[in-house]
$ cat model_8.csv   # CSV, C-alpha atoms
chain,number,residue,atom,x,y,z
A,15,MET,CA,7.2,14.5,6.4
A,16,LEU,CA,10.6,12.7,6.7
A,17,ALA,CA,9.3,10.6,9.6
A,18,ALA,CA,6.1,9.6,7.8
A,19,GLY,CA,8.0,9.0,4.5
A,20,LEU,CA,10.6,6.8,6.0
A,21,GLY,CA,8.0,4.9,8.0
A,22,TRP,CA,6.0,4.2,4.8
A,23,LEU,CA,9.2,3.3,2.9
A,24,LEU,CA,10.1,0.7,5.6
A,25,ASP,CA,6.5,-0.5,5.7
A,26,ALA,CA,6.7,-1.2,2.0
A,27,PHE,CA,10.1,-2.9,2.4
A,28,ASP,CA,8.8,-5.3,5.1
A,29,VAL,CA,5.4,-6.0,3.6
A,30,MET,CA,6.6,-6.6,0.1
A,31,LEU,CA,9.3,-9.0,1.1
A,32,TYR,CA,6.6,-11.7,1.0
A,33,SER,CA,5.8,-11.0,-2.6
A,34,ILE,CA,9.4,-11.0,-3.6
A,35,VAL,CA,10.1,-14.5,-2.1
A,36,LEU,CA,6.6,-15.8,-2.9
A,37,ALA,CA,7.7,-18.2,-5.6
A,38,THR,CA,10.4,-19.6,-3.3
A,39,LEU,CA,7.8,-20.0,-0.4
A,40,MET,CA,5.4,-21.8,-2.8
A,41,ARG,CA,8.2,-24.4,-3.5
A,42,GLU,CA,9.3,-24.6,0.2
A,43,PHE,CA,5.9,-25.2,1.7
A,44,GLY,CA,4.2,-26.8,-1.3
A,45,MET,CA,1.6,-23.9,-1.5
A,46,SER,CA,-0.8,-23.5,-4.4
A,47,LYS,CA,-1.5,-20.1,-5.9
A,48,THR,CA,-4.8,-20.0,-3.9
A,49,THR,CA,-3.1,-20.7,-0.6
A,50,ALA,CA,-0.3,-18.2,-1.3
A,51,GLY,CA,-2.9,-15.5,-2.1
A,52,LEU,CA,-4.8,-16.3,1.1
A,53,LEU,CA,-1.8,-15.5,3.2
A,54,ASN,CA,-1.5,-12.1,1.7
A,55,SER,CA,-5.3,-11.6,2.1
A,56,LEU,CA,-4.8,-12.3,5.8
A,57,THR,CA,-2.3,-9.5,6.0
A,58,LEU,CA,-4.7,-7.1,4.3
A,59,ALA,CA,-7.6,-8.1,6.6
A,60,ALA,CA,-5.3,-7.4,9.6
A,61,SER,CA,-4.4,-4.0,8.2
A,62,ALA,CA,-8.1,-3.0,8.4
A,63,ILE,CA,-8.2,-4.0,12.1
A,64,GLY,CA,-4.8,-2.3,12.8
A,65,SER,CA,-5.8,0.9,11.0
A,66,PHE,CA,-9.0,1.2,13.1
A,67,GLY,CA,-7.3,0.5,16.4
A,68,PHE,CA,-4.2,2.6,15.7
A,69,GLY,CA,-6.4,5.4,14.3
A,70,LEU,CA,-8.5,5.6,17.5
A,71,LEU,CA,-5.4,5.6,19.6
A,72,ALA,CA,-3.7,8.3,17.3
A,73,ASP,CA,-6.7,10.6,17.7
A,74,ARG,CA,-6.5,10.1,21.5
A,75,PHE,CA,-2.8,9.8,22.3
A,76,GLY,CA,-1.0,11.4,19.3
A,77,ARG,CA,0.1,10.7,15.8
A,78,ARG,CA,3.8,10.4,16.6
A,79,ARG,CA,3.3,7.8,19.3
A,80,MET,CA,1.1,5.5,17.2
A,81,LEU,CA,3.5,5.9,14.2
A,82,SER,CA,6.2,4.5,16.4
A,83,PHE,CA,4.2,1.6,17.8
A,84,SER,CA,3.0,0.6,14.3
A,85,ILE,CA,6.5,0.5,13.0
A,86,LEU,CA,7.6,-1.7,15.9
A,87,THR,CA,4.7,-4.0,15.2
A,88,TYR,CA,5.4,-4.7,11.5
A,89,SER,CA,9.2,-4.9,12.0
A,90,LEU,CA,9.1,-7.5,14.8
A,91,PHE,CA,6.6,-9.7,13.1
A,92,THR,CA,8.4,-9.5,9.7
A,93,PHE,CA,11.4,-10.8,11.6
A,94,ALA,CA,9.3,-13.5,13.1
A,95,CYS,CA,8.3,-14.7,9.6
A,96,GLY,CA,11.8,-16.0,9.2
A,97,PHE,CA,11.1,-18.6,11.9
A,98,SER,CA,8.0,-20.0,10.2
A,99,THR,CA,7.9,-23.8,10.0
A,100,GLY,CA,4.9,-24.1,7.8
A,101,VAL,CA,1.9,-22.3,6.3
A,102,THR,CA,0.1,-21.9,9.6
A,103,SER,CA,2.9,-20.2,11.5
A,104,LEU,CA,3.7,-18.0,8.5
A,105,ALA,CA,0.0,-17.0,8.2
A,106,ILE,CA,-0.1,-16.0,11.9
A,107,PHE,CA,3.0,-13.9,11.6
A,108,ARG,CA,1.7,-12.2,8.4
A,109,PHE,CA,-1.6,-11.4,10.1
A,110,LEU,CA,0.2,-9.8,13.1
A,111,LEU,CA,2.5,-7.9,10.7
A,112,GLY,CA,-0.6,-6.5,9.0
A,113,LEU,CA,-1.8,-4.8,12.2
A,114,GLY,CA,1.2,-2.6,12.2
A,115,MET,CA,1.0,-2.1,8.4
A,116,GLY,CA,-2.5,-0.7,8.8
A,117,GLY,CA,-1.6,1.6,11.7
A,118,GLU,CA,1.5,3.2,10.1
A,119,TRP,CA,-0.2,4.8,7.1
A,120,ASN,CA,-3.0,6.7,8.7
A,121,SER,CA,-0.8,7.9,11.6
A,122,GLY,CA,1.9,9.1,9.2
A,123,ALA,CA,-0.5,10.7,6.7
A,124,THR,CA,-2.4,12.5,9.4
A,125,LEU,CA,0.9,13.8,10.9
A,126,VAL,CA,1.9,15.3,7.5
A,127,ALA,CA,-1.5,16.7,6.6
A,128,GLU,CA,-1.8,18.6,9.9
A,129,SER,CA,1.7,20.1,9.5
A,130,TRP,CA,1.6,21.4,5.9
A,131,PRO,CA,-0.5,24.3,4.4
A,132,SER,CA,-3.2,23.6,1.8
A,133,ALA,CA,-1.2,24.9,-1.2
A,134,TRP,CA,1.6,22.4,-0.6
A,135,ARG,CA,-0.2,19.6,1.1
A,136,GLY,CA,-0.7,17.6,-2.1
A,137,ARG,CA,3.0,17.6,-2.9
A,138,ALA,CA,4.0,16.8,0.7
A,139,ILE,CA,1.7,13.8,0.9
A,140,ALA,CA,2.9,12.7,-2.6
A,141,ILE,CA,6.5,12.6,-1.3
A,142,VAL,CA,5.4,10.4,1.6
A,143,GLN,CA,3.4,8.1,-0.7
A,144,SER,CA,6.3,7.9,-3.2
A,145,SER,CA,8.5,6.4,-0.5
A,146,TRP,CA,6.5,3.2,-0.9
A,147,ALA,CA,8.1,2.7,-4.4
A,148,ILE,CA,11.5,3.2,-3.0
A,149,GLY,CA,10.8,0.6,-0.2
A,150,TYR,CA,9.5,-1.9,-2.7
A,151,ALA,CA,12.5,-1.4,-4.9
A,152,LEU,CA,14.8,-1.8,-1.9
A,153,ALA,CA,13.0,-5.0,-0.9
A,154,ALA,CA,13.5,-6.3,-4.5
A,155,GLY,CA,17.2,-5.5,-4.4
A,156,VAL,CA,17.9,-6.8,-0.9
A,157,ALA,CA,15.8,-10.0,-1.4
A,158,GLY,CA,17.3,-10.7,-4.8
A,159,LEU,CA,20.8,-10.3,-3.5
A,160,MET,CA,20.2,-12.4,-0.4
A,161,LEU,CA,18.3,-15.2,-2.2
A,162,ALA,CA,21.4,-15.6,-4.4
A,163,HIS,CA,23.6,-16.3,-1.3
A,164,THR,CA,21.4,-17.4,1.5
A,165,SER,CA,17.9,-18.6,2.4
A,166,TRP,CA,14.5,-16.9,2.4
A,167,ARG,CA,14.6,-16.9,6.2
A,168,SER,CA,17.4,-14.4,6.2
A,169,VAL,CA,15.4,-12.1,3.9
A,170,PHE,CA,12.7,-11.8,6.6
A,171,PHE,CA,15.3,-11.4,9.4
A,172,VAL,CA,16.4,-8.1,7.7
A,173,GLY,CA,12.9,-6.8,8.2
A,174,VAL,CA,13.6,-6.1,11.9
A,175,LEU,CA,15.9,-3.1,11.0
A,176,PRO,CA,13.0,-0.5,10.8
A,177,ALA,CA,12.5,-0.9,14.5
A,178,LEU,CA,15.7,1.1,15.1
A,179,PHE,CA,14.0,4.1,13.3
A,180,VAL,CA,11.5,4.4,16.2
A,181,PHE,CA,14.1,5.9,18.6
A,182,TRP,CA,14.6,8.9,16.2
A,183,ILE,CA,10.9,9.5,15.8
A,184,GLN,CA,10.3,9.5,19.6
A,185,HIS,CA,13.0,12.0,20.3
A,186,GLU,CA,13.0,14.3,17.3
A,187,VAL,CA,9.4,14.4,15.8
A,188,PRO,CA,6.9,16.8,17.4
A,189,GLU,CA,3.1,16.3,17.5
A,190,PRO,CA,1.3,18.7,15.2
A,191,GLU,CA,0.0,21.8,17.0
A,192,LEU,CA,-3.4,21.4,15.3
A,193,TRP,CA,-3.9,18.0,17.0
A,194,GLN,CA,-2.7,19.3,20.4
A,195,ARG,CA,-5.4,22.1,20.2
A,196,GLN,CA,-8.1,19.6,19.2
A,197,LYS,CA,-7.1,16.5,21.2
A,198,HIS,CA,-9.8,16.9,23.8
A,199,ASN,CA,-12.6,17.4,21.2
A,200,ARG,CA,-13.8,13.9,20.3
A,201,SER,CA,-17.5,14.4,20.0
A,202,ALA,CA,-19.5,11.7,18.2
A,203,VAL,CA,-21.3,14.6,16.4
A,204,ALA,CA,-18.2,15.1,14.3
A,205,TRP,CA,-19.0,11.8,12.5
A,206,ARG,CA,-22.6,12.6,11.3
A,207,PRO,CA,-21.8,15.1,8.4
A,208,VAL,CA,-18.9,13.1,7.1
A,209,LEU,CA,-20.5,9.7,6.8
A,210,PRO,CA,-21.6,10.0,3.1
A,211,ARG,CA,-18.1,11.2,2.0
A,212,LEU,CA,-16.5,8.5,4.2
A,213,PHE,CA,-18.6,5.8,2.5
A,214,ALA,CA,-17.8,7.2,-1.0
A,215,LEU,CA,-14.1,7.2,-0.4
A,216,LEU,CA,-14.2,3.8,1.3
A,217,VAL,CA,-15.9,2.2,-1.7
A,218,THR,CA,-13.5,4.0,-4.2
A,219,ASN,CA,-10.5,2.8,-2.3
A,220,THR,CA,-11.9,-0.7,-2.0
A,221,PHE,CA,-12.2,-1.1,-5.8
A,222,GLY,CA,-8.8,0.6,-6.3
A,223,MET,CA,-7.1,-1.6,-3.7
A,224,PHE,CA,-8.7,-4.8,-5.1
A,225,ALA,CA,-7.0,-3.9,-8.4
A,226,TRP,CA,-3.7,-3.0,-6.8
A,227,TRP,CA,-3.2,-5.9,-4.4
A,228,GLY,CA,-4.5,-8.4,-6.9
A,229,LEU,CA,-2.0,-7.1,-9.5
A,230,PHE,CA,1.1,-6.4,-7.5
A,231,THR,CA,0.9,-9.4,-5.1
A,232,TRP,CA,1.1,-11.6,-8.2
A,233,ILE,CA,3.4,-9.7,-10.6
A,234,PRO,CA,6.6,-11.0,-8.9
A,235,ALA,CA,5.4,-14.6,-9.0
A,236,TYR,CA,4.1,-14.1,-12.6
A,237,LEU,CA,7.6,-13.1,-13.7
A,238,ALA,CA,9.4,-15.8,-11.8
A,239,LEU,CA,7.2,-18.8,-12.4
A,240,PRO,CA,7.9,-21.1,-15.4
A,241,ALA,CA,5.8,-20.7,-18.5
A,242,ALA,CA,4.1,-24.1,-17.8
A,243,GLN,CA,2.6,-22.5,-14.7
A,244,GLY,CA,1.4,-19.4,-16.4
A,245,GLY,CA,4.5,-17.3,-15.6
A,246,ARG,CA,7.2,-15.6,-17.7
A,247,ASN,CA,10.3,-17.6,-16.4
A,248,PHE,CA,12.5,-14.6,-15.7
A,249,ASN,CA,15.9,-15.5,-14.2
A,250,GLN,CA,16.8,-14.0,-10.8
A,251,LEU,CA,18.9,-11.2,-12.3
A,252,ASN,CA,16.2,-10.1,-14.8
A,253,PHE,CA,13.5,-10.5,-12.1
A,254,THR,CA,15.3,-8.2,-9.6
A,255,ALA,CA,16.1,-5.6,-12.3
A,256,PHE,CA,12.5,-5.6,-13.6
A,257,LEU,CA,11.0,-4.9,-10.1
A,258,ILE,CA,13.5,-2.2,-9.4
A,259,ILE,CA,12.8,-0.4,-12.7
A,260,LEU,CA,9.1,-1.0,-12.2
A,261,ASN,CA,9.1,0.9,-8.9
A,262,LEU,CA,11.6,3.6,-9.7
A,263,CYS,CA,10.4,4.4,-13.2
A,264,GLY,CA,6.7,3.6,-12.7
A,265,MET,CA,5.4,3.9,-9.2
A,266,PHE,CA,7.8,6.6,-7.9
A,267,PRO,CA,7.1,9.3,-10.5
A,268,GLY,CA,3.4,8.4,-10.5
A,269,TYR,CA,3.1,9.2,-6.9
A,270,LEU,CA,5.1,12.5,-7.2
A,271,LEU,CA,3.3,13.8,-10.3
A,272,PHE,CA,-0.1,13.2,-8.7
A,273,GLY,CA,0.8,15.7,-5.9
A,274,VAL,CA,1.8,18.4,-8.4
A,275,LEU,CA,-1.2,17.9,-10.6
A,276,ALA,CA,-3.6,17.8,-7.6
A,277,ASP,CA,-2.3,21.1,-6.2
A,278,LYS,CA,-2.6,22.7,-9.7
A,279,PHE,CA,-5.8,21.2,-11.2
A,280,GLY,CA,-7.7,19.7,-8.3
A,281,ARG,CA,-7.7,16.5,-6.3
A,282,LYS,CA,-10.9,14.9,-7.7
A,283,ARG,CA,-10.1,15.5,-11.4
A,284,THR,CA,-6.6,14.1,-11.0
A,285,PHE,CA,-7.8,11.1,-9.0
A,286,ILE,CA,-10.4,10.0,-11.6
A,287,THR,CA,-7.9,10.6,-14.5
A,288,TYR,CA,-5.3,8.3,-12.9
A,289,LEU,CA,-7.8,5.5,-12.2
A,290,LEU,CA,-9.2,5.6,-15.8
A,291,LEU,CA,-5.7,5.4,-17.3
A,292,ALA,CA,-4.8,2.6,-14.9
A,293,ALA,CA,-7.8,0.6,-16.1
A,294,ALA,CA,-6.8,1.2,-19.7
A,295,SER,CA,-3.2,0.1,-19.2
A,296,VAL,CA,-3.8,-3.2,-17.4
A,297,PRO,CA,-5.0,-5.2,-20.5
A,298,ALA,CA,-1.9,-4.1,-22.4
A,299,PHE,CA,0.3,-5.5,-19.6
A,300,ALA,CA,-1.7,-8.7,-19.4
A,301,LEU,CA,-1.4,-9.3,-23.1
A,302,ALA,CA,2.3,-8.4,-23.4
A,303,GLN,CA,4.7,-11.2,-24.5
A,304,SER,CA,8.2,-9.9,-24.9
A,305,PRO,CA,10.2,-8.8,-21.8
A,306,ALA,CA,10.6,-5.2,-23.1
A,307,VAL,CA,6.9,-4.8,-23.8
A,308,ILE,CA,6.1,-6.4,-20.4
A,309,LEU,CA,8.4,-3.9,-18.7
A,310,VAL,CA,7.0,-0.8,-20.5
A,311,THR,CA,3.3,-1.7,-20.0
A,312,ALA,CA,3.9,-2.7,-16.4
A,313,SER,CA,5.6,0.6,-15.7
A,314,ILE,CA,2.7,2.5,-17.2
A,315,THR,CA,0.3,0.5,-15.1
A,316,ALA,CA,2.3,1.1,-12.0
A,317,PHE,CA,2.5,4.8,-12.7
A,318,PHE,CA,-1.2,5.3,-12.8
A,319,GLY,CA,-2.4,2.3,-10.8
A,320,THR,CA,-0.1,3.2,-7.9
A,321,GLY,CA,0.0,7.0,-8.2
A,322,PHE,CA,-3.7,7.3,-7.4
A,323,PHE,CA,-3.0,6.3,-3.8
A,324,THR,CA,-1.6,9.8,-3.3
A,325,GLY,CA,-5.1,11.1,-4.0
A,326,SER,CA,-6.5,8.8,-1.3
A,327,GLY,CA,-4.2,10.4,1.2
A,328,ILE,CA,-4.9,14.0,0.1
A,329,LEU,CA,-8.7,13.6,-0.1
A,330,GLY,CA,-8.8,11.6,3.1
A,331,SER,CA,-6.8,14.2,5.0
A,332,GLU,CA,-9.0,17.1,3.8
A,333,LEU,CA,-12.5,15.5,4.1
A,334,PHE,CA,-12.5,14.9,7.8
A,335,PRO,CA,-12.2,17.1,11.0
A,336,THR,CA,-9.1,16.9,13.2
A,337,SER,CA,-10.9,15.2,16.1
A,338,ILE,CA,-11.5,12.1,14.0
A,339,ARG,CA,-9.1,12.5,11.2
A,340,ALA,CA,-6.8,9.6,11.9
A,341,THR,CA,-9.7,7.2,12.6
A,342,ALA,CA,-11.6,8.3,9.5
A,343,LEU,CA,-8.5,8.2,7.3
A,344,GLY,CA,-7.8,4.7,8.6
A,345,ILE,CA,-11.3,3.5,7.9
A,346,SER,CA,-11.4,4.9,4.4
A,347,TYR,CA,-7.9,3.6,3.4
A,348,ASN,CA,-7.0,0.5,5.5
A,349,ALA,CA,-10.6,-0.8,6.0
A,350,ALA,CA,-10.6,-0.7,2.2
A,351,ARG,CA,-7.5,-2.9,2.3
A,352,GLY,CA,-9.4,-5.3,4.5
A,353,LEU,CA,-12.4,-5.3,2.2
A,354,SER,CA,-10.2,-5.9,-0.8
A,355,ALA,CA,-8.3,-8.7,1.1
A,356,PHE,CA,-10.0,-11.3,-1.1
A,357,ALA,CA,-8.2,-9.9,-4.2
A,358,PRO,CA,-4.9,-11.9,-3.9
A,359,ILE,CA,-6.7,-15.2,-3.3
A,360,MET,CA,-9.3,-14.4,-6.1
A,361,ILE,CA,-6.6,-13.6,-8.6
A,362,GLY,CA,-4.6,-16.6,-7.4
A,363,ALA,CA,-7.7,-18.9,-7.9
A,364,VAL,CA,-8.4,-17.4,-11.4
A,365,GLY,CA,-4.7,-17.8,-12.2
A,366,GLU,CA,-4.8,-21.4,-11.1
A,367,ARG,CA,-7.6,-22.2,-13.5
A,368,TYR,CA,-7.2,-19.8,-16.4
A,369,GLY,CA,-3.7,-18.2,-16.1
A,370,LEU,CA,-2.6,-15.1,-14.2
A,371,ASN,CA,-3.1,-12.8,-17.2
A,372,TRP,CA,-6.8,-13.5,-17.0
A,373,GLY,CA,-6.8,-12.6,-13.4
A,374,PHE,CA,-5.1,-9.3,-14.1
A,375,GLY,CA,-8.0,-8.5,-16.4
A,376,LEU,CA,-10.2,-8.4,-13.3
A,377,CYS,CA,-7.8,-5.8,-11.8
A,378,GLY,CA,-8.5,-3.5,-14.8
A,379,VAL,CA,-12.2,-3.8,-14.0
A,380,GLY,CA,-11.5,-2.8,-10.4
A,381,PHE,CA,-9.7,0.4,-11.5
A,382,ALA,CA,-12.6,1.3,-13.7
A,383,CYS,CA,-15.1,0.8,-10.9
A,384,ALA,CA,-13.0,3.0,-8.6
A,385,ALA,CA,-13.1,5.8,-11.2
A,386,LEU,CA,-16.9,5.6,-11.3
A,387,THR,CA,-17.4,5.7,-7.6
A,388,ALA,CA,-14.9,8.6,-7.3
A,389,LEU,CA,-17.5,10.8,-9.1
A,390,TYR,CA,-19.4,11.0,-5.8
A,391,LEU,CA,-16.5,12.6,-3.9
A,392,PRO,CA,-16.4,16.4,-3.3
A,393,GLU,CA,-13.5,18.5,-4.5
A,394,THR,CA,-11.3,19.5,-1.6
A,395,GLN,CA,-8.6,21.7,-3.3
A,396,GLY,CA,-8.0,24.8,-1.2
A,397,SER,CA,-9.4,23.3,2.0
A,398,GLU,CA,-7.8,24.7,5.2
A,399,LEU,CA,-7.8,22.2,8.1
A,400,GLU,CA,-9.5,23.7,11.2

$ encode --input "model_8.csv" --output "structure tokens"
Amino acid sequence: MLAAGLGWLLDAFDVMLYSIVLATLMREFGMSKTTAGLLNSLTLAASAIGSFGFGLLADRFGRRRMLSFSILTYSLFTFACGFSTGVTSLAIFRFLLGLGMGGEWNSGATLVAESWPSAWRGRAIAIVQSSWAIGYALAAGVAGLMLAHTSWRSVFFVGVLPALFVFWIQHEVPEPELWQRQKHNRSAVAWRPVLPRLFALLVTNTFGMFAWWGLFTWIPAYLALPAAQGGRNFNQLNFTAFLIILNLCGMFPGYLLFGVLADKFGRKRTFITYLLLAAASVPAFALAQSPAVILVTASITAFFGTGFFTGSGILGSELFPTSIRATALGISYNAARGLSAFAPIMIGAVGERYGLNWGFGLCGVGFACAALTALYLPETQGSELE
């Protein structure tokens, strides 16, 4: 759990550095909102490819090994982003970074799911998921501090540090006994009975991730951009404090509470409730004017609109057999990120024409659609992994 949690924390730290410095990059390279959104869409598309590739390898060669390789991938290419000389080179590095981003999640989540009993699995995965909020807040703090004293390039250079974590994983983290017993059982027959539930979870995650990436790719720029460009013109200090509070008071407890509620009341019921409340809270955030109301409504949106990801991890871990778990989990989660890759560019395009608050309204619709498709998922509470 510690290995997967730290891997996910550092993944969030590296990936979200782009969103933190997005307003600076737009000025540096003369990017429009549409182009800026396209670069993040490339990262999401790459995560779908990476999740499938790393998932297949994790089912064949082990969860720990692929967790290590995925962390190395996103760390090294985050570092490379600091050498970008224009939009093209930055886009290439962001795409390659996304390959590791996609592989880390399903390798780590599978590692935890196969190591914890059913009664505590929800809370264990919730702890892993909650580390994303800490990584995001850390990225906001580090980037805010560095931008005040150095360039945006140095912010990306810091992203290489997670690579050092790999040495500990390789020496101290064991492969789950469950995987070791099943590693030679990779029959194609295992896929046939799970295809309907895989499709249902994939569609649900796609709608949810469209909403999340469309919203949280653009919230930092929305806060930092001047009012004339549809932003809220927060200064650097208020901007950094806002993002730290948003993550630690919104996302972090949202992740954790989901695990507790899912273990007590069921995965499906908690999943749908979170999505519906996220859909209801987005319009309040989009319409907020004063900084205090923006902070409160954004934190509520982050609580439910981010916390539901814990449900994706729990359900995905319990819906699929061990022989294909990492691959299926990667398809249902990171392929959804790939399918939702058009969200940042679509919200950016809407923001360019009508204002970002109108674009955020589409994110609320995405959460509502995710709640509707989640009705087709089975309840997995009490499932024991074979």

$ residues_around --input "model_8.csv" --residues "stretch 266-282 of chain A" --least-positions-apart "6" --cutoff "9 Å" --atoms "only C-alpha atoms" --output "MDAnalysis selection string"
chainID A and resid 132:148 260 288 314 316:325 328:329 388:389 391:396

$ residues_near_point --input "model_8.csv" --point "(-2.7, -12.5, 4.7)" --cutoff "10 Å" --atoms "all atoms listed in the file" --output "ChimeraX atom specification"
/A:49-61,104-112,352,355-356,358-359

$ residues_near_point --input "model_8.csv" --point "(10.9, -13.2, 13.9)" --cutoff "9 Å" --atoms "all atoms listed in the file" --output "list in words"
Ser89, Leu90, Phe91, Thr92, Phe93, Ala94, Cys95, Gly96, Phe97, Ser98, Phe107, Phe170, Phe171, Gly173 and Val174 of chain A

$ atom_distance --input "model_8.csv" --atom1 "atom CA of A:Val29" --atom2 "atom CA of A:Gly64"
14.2 Å

$ atom_distance --input "model_8.csv" --atom1 "atom CA of A:Met115" --atom2 "atom CA of A:Ser84"
6.8 Å

$ residues_around --input "model_8.csv" --residues "A:Arg79" --least-positions-apart "5" --cutoff "10 Å" --atoms "all atoms listed in the file" --output "NGL selection string"
:A and (68 or 71-72 or 84 or 121 or 180 or 183-184 or 187-189)

$ residues_around --input "model_8.csv" --residues "A:Pro305" --least-positions-apart "6" --cutoff "12 Å" --atoms "all atoms listed in the file" --output "list in words"
Leu237, Gly245, Arg246, Asn247, Phe248, Asn249, Asn252, Phe253, Ala255, Phe256, Phe299, Thr311 and Ala312 of chain A

$ write_last_selection --input "model_8.csv" --atoms "C-alpha atoms" --output "mmCIF file, keeping the file's coordinate frame"
data_model
loop_
_atom_site.group_PDB
_atom_site.id
_atom_site.type_symbol
_atom_site.label_atom_id
_atom_site.label_comp_id
_atom_site.auth_asym_id
_atom_site.auth_seq_id
_atom_site.Cartn_x
_atom_site.Cartn_y
_atom_site.Cartn_z
ATOM 1 C CA LEU A 237 7.600 -13.100 -13.700
ATOM 2 C CA GLY A 245 4.500 -17.300 -15.600
ATOM 3 C CA ARG A 246 7.200 -15.600 -17.700
ATOM 4 C CA ASN A 247 10.300 -17.600 -16.400
ATOM 5 C CA PHE A 248 12.500 -14.600 -15.700
ATOM 6 C CA ASN A 249 15.900 -15.500 -14.200
ATOM 7 C CA ASN A 252 16.200 -10.100 -14.800
ATOM 8 C CA PHE A 253 13.500 -10.500 -12.100
ATOM 9 C CA ALA A 255 16.100 -5.600 -12.300
ATOM 10 C CA PHE A 256 12.500 -5.600 -13.600
ATOM 11 C CA PHE A 299 0.300 -5.500 -19.600
ATOM 12 C CA THR A 311 3.300 -1.700 -20.000
ATOM 13 C CA ALA A 312 3.900 -2.700 -16.400
#

$ atom_distance --input "model_8.csv" --atom1 "atom CA of A:Phe381" --atom2 "atom CA of A:Ala238"
25.0 Å

$ closest_residue --input "model_8.csv" --among "A:His163, A:Leu290, A:Tyr32, A:Thr48" --to "A:Arg367" --atoms "all atoms listed in the file"
A:Thr48

$ closest_residue --input "model_8.csv" --among "A:Gly19, A:Gly116, A:Gly373, A:Pro240" --to "A:Ala37" --atoms "only C-alpha atoms"
A:Pro240

$ residues_around --input "model_8.csv" --residues "A:Leu161" --least-positions-apart "3" --cutoff "12 Å" --atoms "all atoms listed in the file" --output "list in words"
Leu31, Ile34, Val35, Leu36, Ala37, Thr38, Leu39, Ala153, Ala154, Gly155, Val156, Ala157, Gly158, Thr164, Ser165, Trp166, Arg167, Ser168, Val169, Phe170, Gln250, Leu251, Phe253 and Thr254 of chain A

$ write_last_selection --input "model_8.csv" --atoms "C-alpha atoms" --output "JSON list (two decimals), in the frame of the given file"
[["chain", "number", "residue", "atom", "x", "y", "z"],
["A", 31, "LEU", "CA", 9.30, -9.00, 1.10],
["A", 34, "ILE", "CA", 9.40, -11.00, -3.60],
["A", 35, "VAL", "CA", 10.10, -14.50, -2.10],
["A", 36, "LEU", "CA", 6.60, -15.80, -2.90],
["A", 37, "ALA", "CA", 7.70, -18.20, -5.60],
["A", 38, "THR", "CA", 10.40, -19.60, -3.30],
["A", 39, "LEU", "CA", 7.80, -20.00, -0.40],
["A", 153, "ALA", "CA", 13.00, -5.00, -0.90],
["A", 154, "ALA", "CA", 13.50, -6.30, -4.50],
["A", 155, "GLY", "CA", 17.20, -5.50, -4.40],
["A", 156, "VAL", "CA", 17.90, -6.80, -0.90],
["A", 157, "ALA", "CA", 15.80, -10.00, -1.40],
["A", 158, "GLY", "CA", 17.30, -10.70, -4.80],
["A", 164, "THR", "CA", 21.40, -17.40, 1.50],
["A", 165, "SER", "CA", 17.90, -18.60, 2.40],
["A", 166, "TRP", "CA", 14.50, -16.90, 2.40],
["A", 167, "ARG", "CA", 14.60, -16.90, 6.20],
["A", 168, "SER", "CA", 17.40, -14.40, 6.20],
["A", 169, "VAL", "CA", 15.40, -12.10, 3.90],
["A", 170, "PHE", "CA", 12.70, -11.80, 6.60],
["A", 250, "GLN", "CA", 16.80, -14.00, -10.80],
["A", 251, "LEU", "CA", 18.90, -11.20, -12.30],
["A", 253, "PHE", "CA", 13.50, -10.50, -12.10],
["A", 254, "THR", "CA", 15.30, -8.20, -9.60]]
